[in-house]
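For reference, the structure discussed in these notes is given below.
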Amino acid sequence: MRMWLKTRRAPVLAAALAAYAALTAAVGDTLVDLPSLGSDAARPLVLFAPLLACTGLALSLSSSLPAAEASGSRPVARFDQALILATVLASVAVAYTVSVLLDAGSANTAGRNTAFLAGLMLCVRRMAGHEVAAITPVAWVITMMLIGNSGGDGRPHPWTVVLMPPDHVPAALAATVILALGTASAPAAPVLRDAR
């Protein structure tokens, strides 16, 4: 277990989660005007906090030693799945705590968005490898900011997930389903082998 934690760079992931918590608490409900093709709606700055947690998780999971882990007797795949769920649960707990303590409703979306983006990253990791997966959350957030409400009425489309308000039940369900799919696919080797 100690070797697995060292290999998975647990201190780096812990630092990423601390940065996520700090950013979520610092920005709360702060809105900023960001470029968009659909409207001039301001976006919550907390939209970027999940990228810290997802980047830390991507870095942690990409530090595997496939040959050693395949020949070992420890259930490394289960450890990785537990790490994924612990990271997401910690991010949800932080977002909820910030939301309650600072009365910042938008901060609560950070947990849901972390679950969605982490699941999306893991699904892409299965199909395209670690390198592509690491940039997927960033690409999703930027793309949704640009085209997420291209209808012109200022409201985001439901399929964006990350732009939806904290109480949007379909977005929470989508995040849960994507996280479950991503976590289930985590032990499998990528379809396309990583270039190393």
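Numbering starts fresh at 1 for the residues of each chain in the structure tokens, the chains themselves are lettered A, B, ... in the order given, and ligands are numbered from 1 as they appear.
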
Q: Mind checking which residues fall within 8 Å of A:Thr109, counting only C-alpha atoms, ignoring those fewer than 2 positions away in the same chain, and posting them as a ChimeraX atom specification?
A: /A:46-47,95,105-107,111-113,162,165-166

Q: Would you please work out which residue, of A:Ala82, A:Leu122, A:Ala22, A:Ala104, is nearest to A:Cys54 when using only C-alpha atoms?
A: A:Leu122

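Relative to atom CA of A:Cys123, atom CA of A:Leu17 is found at 21.1 Å.
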
Q. Restricting the calculation to only C-alpha atoms, which member of A:Ala180, A:Thr87, A:Leu146, A:Ala174 is positioned closest to A:Pro158?
A. A:Ala174

Q) Using only C-alpha atoms, which residues sit within 12 Å of stretch 130-141 of chain A once same-chain residues fewer than 3 positions away are excluded, as a ChimeraX atom specification? A) /A:34,36,43-64,113-127,144-148,159-163,182,186,189-196

Q: Record the distance separating atom CA of A:Ala42 and atom CA of A:Leu173, expressed in Å with one decimal.
A: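 Between these atoms lies a distance of 24.7 Å.
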
Q | Backbone-only DSSP, strand (DSSP E or B) members of chain A, as a list in words | A |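 These are the residues in question: Leu31, Val32, Arg43 and Pro44 of chain A.
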
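Separating atom CA of A:Ala172 from atom CA of A:His157 is a distance of 14.4 Å.
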
Q: Would you mind telling me which residue in A:Leu13, A:Ile178, A:Gly28, A:Asn149 lies nearest to A:Thr97 when using only C-alpha atoms?
A: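 The closest residue to A:Thr97 is A:Gly28.
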
Q.
Give me, as an MDAnalysis selection string, the residues of stretch 7-156 of chain A that a backbone DSSP run labels helix (DSSP H, G or I).
A. chainID A and resid 7 10:27 45:61 66:71 76:101 105:128 130:147

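Distances from A:Pro35, A:Ala171, A:Arg78, A:Ala15 to A:Ile142 were compared using only C-alpha atoms, and the smallest one belongs to A:Pro35.
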